[in-house]
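Just start02.json here, JSON, C-alpha atoms and all ligand atoms:
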[["chain", "number", "residue", "atom", "x", "y", "z"],
["F", 14, "MET", "CA", -32.65, 9.91, 104.56],
["F", 15, "ALA", "CA", -29.49, 9.24, 106.62],
["F", 16, "ARG", "CA", -26.59, 7.39, 105.02],
["F", 17, "THR", "CA", -26.97, 3.69, 105.85],
["F", 18, "ARG", "CA", -23.72, 2.09, 106.95],
["F", 19, "VAL", "CA", -22.58, -1.15, 105.31],
["F", 20, "LYS", "CA", -20.79, -4.08, 106.92],
["F", 21, "ILE", "CA", -19.48, -6.93, 104.79],
["F", 22, "CYS", "CA", -19.06, -9.97, 107.02],
["F", 23, "GLY", "CA", -17.02, -13.15, 106.71],
["F", 24, "ILE", "CA", -13.92, -11.71, 105.06],
["F", 25, "THR", "CA", -11.18, -14.36, 104.87],
["F", 26, "ARG", "CA", -8.67, -12.77, 102.44],
["F", 27, "PRO", "CA", -6.76, -9.45, 102.56],
["F", 28, "GLU", "CA", -7.73, -8.77, 98.93],
["F", 29, "ASP", "CA", -11.43, -9.10, 99.80],
["F", 30, "GLY", "CA", -11.00, -6.64, 102.67],
["F", 31, "ARG", "CA", -9.36, -4.14, 100.32],
["F", 32, "MET", "CA", -12.05, -4.75, 97.68],
["F", 33, "ALA", "CA", -14.92, -4.21, 100.17],
["F", 34, "ALA", "CA", -13.30, -0.98, 101.40],
["F", 35, "ALA", "CA", -12.79, 0.28, 97.85],
["F", 36, "ALA", "CA", -16.45, -0.50, 97.08],
["F", 37, "GLY", "CA", -17.52, 1.70, 100.00],
["F", 38, "ALA", "CA", -17.98, -0.66, 102.95],
["F", 39, "ASP", "CA", -17.81, 1.03, 106.35],
["F", 40, "ALA", "CA", -16.94, -2.15, 108.22],
["F", 41, "ILE", "CA", -15.81, -5.72, 107.63],
["F", 42, "GLY", "CA", -16.47, -8.75, 109.81],
["F", 43, "LEU", "CA", -13.90, -11.39, 110.75],
["F", 44, "VAL", "CA", -15.37, -14.67, 111.98],
["F", 45, "PHE", "CA", -13.50, -16.39, 114.83],
["F", 46, "HIS", "CA", -16.07, -19.16, 115.28],
["F", 47, "PRO", "CA", -14.19, -22.39, 114.46],
["F", 48, "ASP", "CA", -17.28, -24.13, 113.03],
["F", 49, "SER", "CA", -17.82, -21.46, 110.37],
["F", 50, "PRO", "CA", -16.67, -22.00, 106.77],
["F", 51, "ARG", "CA", -15.55, -18.36, 107.05],
["F", 52, "ALA", "CA", -13.40, -18.84, 110.17],
["F", 53, "VAL", "CA", -10.03, -17.07, 110.26],
["F", 54, "SER", "CA", -7.13, -17.38, 112.69],
["F", 55, "PRO", "CA", -6.11, -14.28, 114.66],
["F", 56, "GLU", "CA", -2.93, -14.13, 112.56],
["F", 57, "ARG", "CA", -4.85, -14.24, 109.29],
["F", 58, "ALA", "CA", -7.23, -11.59, 110.66],
["F", 59, "ALA", "CA", -4.25, -9.37, 111.48],
["F", 60, "GLU", "CA", -3.11, -9.63, 107.84],
["F", 61, "ILE", "CA", -6.60, -8.63, 106.69],
["F", 62, "CYS", "CA", -6.71, -5.69, 109.13],
["F", 63, "ALA", "CA", -3.31, -4.52, 107.87],
["F", 64, "ALA", "CA", -4.73, -4.38, 104.33],
["F", 65, "LEU", "CA", -7.62, -2.09, 105.33],
["F", 66, "PRO", "CA", -7.64, 1.68, 105.00],
["F", 67, "PRO", "CA", -7.82, 3.39, 108.41],
["F", 68, "PHE", "CA", -11.43, 4.51, 108.04],
["F", 69, "VAL", "CA", -12.82, 0.97, 107.78],
["F", 70, "THR", "CA", -13.95, -0.66, 111.04],
["F", 71, "ALA", "CA", -12.72, -4.21, 111.73],
["F", 72, "VAL", "CA", -15.31, -6.23, 113.63],
["F", 73, "GLY", "CA", -14.34, -9.51, 115.34],
["F", 74, "LEU", "CA", -17.15, -12.04, 115.58],
["F", 75, "PHE", "CA", -17.38, -14.73, 118.26],
["F", 76, "VAL", "CA", -19.96, -17.36, 119.18],
["F", 77, "ASP", "CA", -20.01, -18.22, 122.89],
["F", 78, "PRO", "CA", -16.22, -17.90, 123.14],
["F", 79, "ALA", "CA", -14.07, -18.63, 126.16],
["F", 80, "ARG", "CA", -12.75, -15.41, 127.64],
["F", 81, "GLU", "CA", -9.21, -16.50, 126.73],
["F", 82, "GLN", "CA", -10.13, -16.85, 123.04],
["F", 83, "VAL", "CA", -11.26, -13.24, 122.88],
["F", 84, "GLU", "CA", -8.20, -12.04, 124.81],
["F", 85, "ARG", "CA", -5.79, -14.01, 122.61],
["F", 86, "THR", "CA", -7.48, -12.69, 119.48],
["F", 87, "LEU", "CA", -7.35, -9.09, 120.70],
["F", 88, "ALA", "CA", -3.65, -9.48, 121.50],
["F", 89, "ALA", "CA", -2.92, -10.65, 117.94],
["F", 90, "CYS", "CA", -5.26, -8.49, 115.89],
["F", 91, "PRO", "CA", -6.25, -4.79, 116.09],
["F", 92, "LEU", "CA", -10.05, -5.15, 116.19],
["F", 93, "ASP", "CA", -12.15, -1.98, 116.49],
["F", 94, "LEU", "CA", -15.35, -3.67, 117.62],
["F", 95, "LEU", "CA", -16.44, -7.06, 118.99],
["F", 96, "GLN", "CA", -19.56, -8.90, 117.83],
["F", 97, "PHE", "CA", -21.08, -11.65, 119.95],
["F", 98, "HIS", "CA", -23.31, -14.01, 118.02],
["F", 99, "GLY", "CA", -24.25, -16.59, 120.67],
["F", 100, "GLY", "CA", -25.96, -16.49, 124.04],
["F", 101, "GLU", "CA", -23.41, -14.20, 125.72],
["F", 102, "ALA", "CA", -24.65, -12.16, 128.70],
["F", 103, "PRO", "CA", -24.18, -8.36, 128.69],
["F", 104, "GLU", "CA", -21.56, -8.64, 131.47],
["F", 105, "PHE", "CA", -19.46, -11.03, 129.35],
["F", 106, "CYS", "CA", -19.75, -8.81, 126.24],
["F", 107, "ALA", "CA", -18.59, -5.79, 128.26],
["F", 108, "ALA", "CA", -15.71, -7.59, 129.99],
["F", 109, "PHE", "CA", -13.11, -6.74, 127.33],
["F", 110, "GLY", "CA", -13.30, -2.95, 127.59],
["F", 111, "ARG", "CA", -14.22, -2.71, 123.90],
["F", 112, "ARG", "CA", -17.32, -1.50, 122.10],
["F", 113, "TYR", "CA", -19.46, -4.41, 121.01],
["F", 114, "LEU", "CA", -22.46, -5.50, 118.97],
["F", 115, "LYS", "CA", -24.79, -8.21, 120.23],
["F", 116, "ALA", "CA", -26.42, -10.36, 117.57],
["F", 117, "VAL", "CA", -30.00, -11.40, 118.23],
["F", 118, "ARG", "CA", -31.30, -14.20, 116.05],
["F", 119, "VAL", "CA", -34.89, -13.24, 115.38],
["F", 120, "GLY", "CA", -37.70, -15.77, 115.25],
["F", 121, "ALA", "CA", -41.45, -15.29, 115.61],
["F", 122, "GLU", "CA", -41.22, -15.42, 119.42],
["F", 123, "THR", "CA", -38.23, -13.09, 119.87],
["F", 124, "ASP", "CA", -38.84, -10.15, 122.20],
["F", 125, "LEU", "CA", -36.72, -7.41, 120.63],
["F", 126, "ALA", "CA", -37.79, -4.77, 123.13],
["F", 127, "ALA", "CA", -36.44, -7.02, 125.91],
["F", 128, "ALA", "CA", -33.19, -7.55, 123.99],
["F", 129, "ALA", "CA", -32.79, -3.79, 123.57],
["F", 130, "ALA", "CA", -33.38, -3.26, 127.29],
["F", 131, "ARG", "CA", -30.81, -5.97, 128.11],
["F", 132, "TYR", "CA", -27.96, -4.96, 125.79],
["F", 133, "GLY", "CA", -28.82, -1.40, 124.66],
["F", 134, "ALA", "CA", -30.70, -0.65, 121.44],
["F", 135, "ASP", "CA", -27.58, 0.74, 119.72],
["F", 136, "ARG", "CA", -25.75, -2.55, 120.18],
["F", 137, "LEU", "CA", -28.15, -4.90, 118.39],
["F", 138, "LEU", "CA", -27.42, -6.74, 115.16],
["F", 139, "LEU", "CA", -30.56, -8.56, 114.05],
["F", 140, "ASP", "CA", -30.10, -11.82, 112.16],
["F", 141, "ALA", "CA", -32.44, -14.66, 111.20],
["F", 142, "TYR", "CA", -33.10, -17.47, 113.66],
["F", 143, "VAL", "CA", -32.28, -20.74, 111.92],
["F", 144, "PRO", "CA", -32.25, -23.78, 114.24],
["F", 145, "GLY", "CA", -28.80, -25.35, 114.52],
["F", 146, "GLN", "CA", -26.99, -22.56, 112.65],
["F", 147, "ALA", "CA", -25.32, -19.61, 114.36],
["F", 148, "GLY", "CA", -25.13, -17.25, 111.39],
["F", 149, "GLY", "CA", -24.16, -16.71, 107.78],
["F", 150, "THR", "CA", -27.28, -18.66, 106.80],
["F", 151, "GLY", "CA", -28.53, -16.58, 103.85],
["F", 152, "ARG", "CA", -31.98, -16.53, 105.46],
["F", 153, "SER", "CA", -33.95, -13.41, 106.28],
["F", 154, "PHE", "CA", -36.61, -12.85, 108.96],
["F", 155, "ASN", "CA", -39.85, -10.92, 109.19],
["F", 156, "TRP", "CA", -38.69, -7.28, 109.40],
["F", 157, "ALA", "CA", -42.14, -6.27, 110.70],
["F", 158, "LEU", "CA", -41.08, -7.80, 114.04],
["F", 159, "ILE", "CA", -38.67, -4.88, 114.60],
["F", 160, "PRO", "CA", -40.29, -2.29, 116.88],
["F", 161, "ALA", "CA", -40.52, 1.12, 115.18],
["F", 162, "ASP", "CA", -38.52, 2.85, 117.93],
["F", 163, "LEU", "CA", -35.59, 0.44, 117.43],
["F", 164, "ALA", "CA", -35.39, 0.31, 113.66],
["F", 165, "SER", "CA", -33.08, 3.27, 113.03],
["F", 166, "ARG", "CA", -30.61, 2.10, 115.68],
["F", 167, "VAL", "CA", -29.98, -1.50, 114.67],
["F", 168, "VAL", "CA", -27.72, -3.35, 112.25],
["F", 169, "LEU", "CA", -29.96, -5.40, 109.96],
["F", 170, "ALA", "CA", -28.58, -8.77, 108.78],
["F", 171, "GLY", "CA", -29.87, -12.08, 107.48],
["F", 172, "GLY", "CA", -30.23, -13.05, 103.85],
["F", 173, "LEU", "CA", -29.47, -9.60, 102.44],
["F", 174, "ASP", "CA", -28.16, -9.26, 98.91],
["F", 175, "ALA", "CA", -28.17, -6.78, 96.04],
["F", 176, "GLU", "CA", -31.72, -7.76, 95.09],
["F", 177, "ASN", "CA", -33.42, -7.20, 98.45],
["F", 178, "VAL", "CA", -31.24, -4.69, 100.29],
["F", 179, "GLY", "CA", -32.98, -1.65, 98.79],
["F", 180, "GLU", "CA", -36.34, -2.94, 99.96],
["F", 181, "ALA", "CA", -34.84, -3.67, 103.40],
["F", 182, "VAL", "CA", -33.42, -0.16, 103.77],
["F", 183, "ARG", "CA", -36.69, 1.43, 102.66],
["F", 184, "ALA", "CA", -38.86, -0.84, 104.84],
["F", 185, "VAL", "CA", -36.78, -0.79, 108.03],
["F", 186, "GLY", "CA", -34.52, 2.27, 107.80],
["F", 187, "PRO", "CA", -31.73, 0.59, 109.84],
["F", 188, "TYR", "CA", -28.53, 2.26, 111.05],
["F", 189, "ALA", "CA", -26.52, -0.29, 109.07],
["F", 190, "VAL", "CA", -26.91, -3.39, 106.94],
["F", 191, "ASP", "CA", -24.74, -6.51, 107.06],
["F", 192, "ALA", "CA", -24.29, -9.16, 104.39],
["F", 193, "SER", "CA", -22.20, -12.28, 104.11],
["F", 194, "SER", "CA", -23.40, -15.18, 101.94],
["F", 195, "GLY", "CA", -25.39, -12.90, 99.62],
["F", 196, "VAL", "CA", -22.19, -11.19, 98.42],
["F", 197, "GLU", "CA", -20.10, -14.33, 97.95],
["F", 198, "GLU", "CA", -18.89, -16.49, 95.08],
["F", 199, "GLY", "CA", -18.54, -19.33, 97.61],
["F", 200, "PRO", "CA", -18.20, -19.60, 101.42],
["F", 201, "GLY", "CA", -15.59, -17.07, 102.51],
["F", 202, "VAL", "CA", -14.81, -15.81, 99.01],
["F", 203, "LYS", "CA", -16.45, -12.48, 98.30],
["F", 204, "SER", "CA", -17.59, -11.43, 94.85],
["F", 205, "ALA", "CA", -16.48, -7.92, 93.85],
["F", 206, "ALA", "CA", -19.49, -7.59, 91.54],
["F", 207, "ARG", "CA", -21.95, -8.64, 94.28],
["F", 208, "VAL", "CA", -20.38, -6.41, 96.91],
["F", 209, "LYS", "CA", -20.49, -3.45, 94.50],
["F", 210, "ALA", "CA", -24.11, -4.13, 93.54],
["F", 211, "PHE", "CA", -25.07, -4.54, 97.20],
["F", 212, "ILE", "CA", -23.57, -1.19, 98.20],
["F", 213, "GLN", "CA", -25.14, 0.45, 95.14],
["F", 214, "GLY", "CA", -28.52, -0.94, 96.25],
["F", 215, "VAL", "CA", -28.03, 0.67, 99.67],
["F", 216, "ARG", "CA", -27.01, 4.02, 98.19],
["F", 217, "ASP", "CA", -29.96, 4.04, 95.76],
["F", 218, "ALA", "CA", -32.36, 3.36, 98.64],
["F", 219, "ASP", "CA", -30.71, 6.10, 100.73],
["F", 220, "ARG", "CA", -31.51, 8.56, 97.94],
["F", 221, "GLY", "CA", -35.15, 7.46, 98.23],
["E", 1, "LIG", "O1", -20.79, -16.04, 108.62],
["E", 1, "LIG", "C1", -20.69, -17.07, 109.31],
["E", 1, "LIG", "O2", -20.25, -18.11, 108.87],
["E", 1, "LIG", "C2", -21.13, -17.05, 110.74],
["E", 1, "LIG", "C3", -21.00, -18.20, 111.50],
["E", 1, "LIG", "C4", -21.40, -18.21, 112.80],
["E", 1, "LIG", "C5", -21.93, -17.08, 113.37],
["E", 1, "LIG", "C6", -22.08, -15.92, 112.62],
["E", 1, "LIG", "C7", -21.70, -15.90, 111.30],
["E", 1, "LIG", "N1", -21.87, -14.77, 110.53],
["E", 1, "LIG", "C8", -22.46, -13.62, 111.13],
["E", 1, "LIG", "C9", -22.74, -12.43, 110.34],
["E", 1, "LIG", "O3", -22.55, -11.31, 110.82],
["E", 1, "LIG", "C10", -23.45, -12.57, 109.04],
["E", 1, "LIG", "O4", -23.15, -11.46, 108.28],
["E", 1, "LIG", "C11", -24.92, -12.66, 109.30],
["E", 1, "LIG", "O5", -25.18, -13.87, 109.98],
["E", 1, "LIG", "C12", -25.72, -12.64, 108.00],
["E", 1, "LIG", "O6", -25.33, -13.70, 107.18],
["E", 1, "LIG", "P1", -26.02, -13.88, 105.74],
["E", 1, "LIG", "O7", -27.43, -14.27, 105.99],
["E", 1, "LIG", "O8", -25.23, -14.96, 105.09],
["E", 1, "LIG", "O9", -25.86, -12.58, 105.04]]
Starting from the coordinates I provided, produce the structure as structure tokens.
Ligand SMILES: O=C(O)c1ccccc1NCC(=O)[C@H](O)[C@H](O)COP(=O)(O)O
Amino acid sequence: MARTRVKICGITRPEDGRMAAAAGADAIGLVFHPDSPRAVSPERAAEICAALPPFVTAVGLFVDPAREQVERTLAACPLDLLQFHGGEAPEFCAAFGRRYLKAVRVGAETDLAAAAARYGADRLLLDAYVPGQAGGTGRSFNWALIPADLASRVVLAGGLDAENVGEAVRAVGPYAVDASSGVEEGPGVKSAARVKAFIQGVRDADRG
């Protein structure tokens, strides 16, 4: 089986970025949505990015941002990838000349084939649809809703933790997995033990 990539989202402290990288994370997520308990300023994000080894991807996460917010953040912080977690159109996501991920919050009615056609299958991060909450909910969704031809190209998120990530990798076979609340001690504070166990769960599943 291919090596499943790991993204640890909602990093708010340089030491947590370093810890996730040392544990084997391929990417970390920085949340710029002001309503999130994991929100960071562009300046704080720049400090976190400076603490990362060069092989770890820094992903900047926005929810229906104004164009100026994204531009100001990019000017202050060396992000490798953008992640849009709201209702952003493909033209908006592409307007910054950066690679991006588009989060799709999956509920029973979600048409994932249509989302893949709209944004590109390699750009999708699939999260749980929870009314009134944009993300970081700790809730998972029905993985059987993911079309077989998309599964190996998506980032799988939503309620993943050390206990269920092995099952998720075996059942879906995603390109990458993403966790936030399931690897925390409290909102925005990551647990080294949980991050380590999460990545171990992914590696064990990769070995089959
Ligand atoms: O993490 C947040 O607080 C957040 C707030 C608003 C939009 C998105 C947010 N997080 C997005 C992520 O990429 C999370 O990793 C993803 O939603 C999964 O979260 P969890 O279910 O807690 O693992």
Using only C-alpha atoms, which residues sit within 12 Å of Gly110 (chain F) once same-chain residues fewer than 2 positions away are excluded, as an mmCIF file with C-alpha atoms, in the coordinates of the input?
data_model
loop_
_atom_site.group_PDB
_atom_site.id
_atom_site.type_symbol
_atom_site.label_atom_id
_atom_site.label_comp_id
_atom_site.auth_asym_id
_atom_site.auth_seq_id
_atom_site.Cartn_x
_atom_site.Cartn_y
_atom_site.Cartn_z
ATOM 1 C CA VAL F 83 -11.260 -13.240 122.880
ATOM 2 C CA GLU F 84 -8.200 -12.040 124.810
ATOM 3 C CA LEU F 87 -7.350 -9.090 120.700
ATOM 4 C CA ASP F 93 -12.150 -1.980 116.490
ATOM 5 C CA LEU F 94 -15.350 -3.670 117.620
ATOM 6 C CA LEU F 95 -16.440 -7.060 118.990
ATOM 7 C CA GLU F 104 -21.560 -8.640 131.470
ATOM 8 C CA PHE F 105 -19.460 -11.030 129.350
ATOM 9 C CA CYS F 106 -19.750 -8.810 126.240
ATOM 10 C CA ALA F 107 -18.590 -5.790 128.260
ATOM 11 C CA ALA F 108 -15.710 -7.590 129.990
ATOM 12 C CA ARG F 112 -17.320 -1.500 122.100
ATOM 13 C CA TYR F 113 -19.460 -4.410 121.010
#
> Skipping near chain neighbours, those fewer than 2 positions away, what residues fall within 8 Å of region 130-147 of chain F using only C-alpha atoms, listed as a ChimeraX atom specification?
Replying inline: /F:76,98-99,103,113-120,126-128,149-150,152-154,163,166-172
>> Counting all atoms listed in the file, I want the residues whose atoms come within 8 Å of (-24.8, 4.8, 102.7) in the file frame, returned as a VMD selection string.
In response: chain F and resid 15 to 19 212 215 to 216 219
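For the atom pair formed by atom O3 of ligand LIG 1 (chain E) and CA of Pro91 (chain F), the distance is 18.3 Å, given to one decimal.
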Hey, can I get the axis-aligned box for ligand LIG 1 (chain E)? All listed atoms, 4 Å padding on each side, centre and edge lengths in Å to one decimal, as AutoDock Vina command-line options.
--center_x -23.8 --center_y -14.8 --center_z 109.2 --size_x 15.2 --size_y 14.9 --size_z 16.3
>> Can you pull out the residues contacting Ala206 (chain F)? Cut-off 12 Å, using all atoms listed in the file, and skip same-chain residues under 2 positions away; I want them as number ranges by chain.
In response: F: 29, 32-33, 36, 174-175, 195-198, 203-204, 208-213
> Interatomic distance between CA of Val72 (chain F) and CA of Ala88 (chain F)?
Replying inline: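 Separating CA of Val72 (chain F) from CA of Ala88 (chain F) is a distance of 14.4 Å.
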> Counting only C-alpha atoms, which residues come within 12 Å of (-1.9, -11.7, 106.7), with the point read in the file's coordinates, and could you list them as a ChimeraX atom specification?
Replying inline: /F:25-28,30,53-65,89-90
>> Rounded to one decimal, what separation in Å do you get between atom C9 of ligand LIG 1 (chain E) and CA of Asp77 (chain F)?
In response: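 Taking atom C9 of ligand LIG 1 (chain E) and CA of Asp77 (chain F), their separation equals 14.1 Å.
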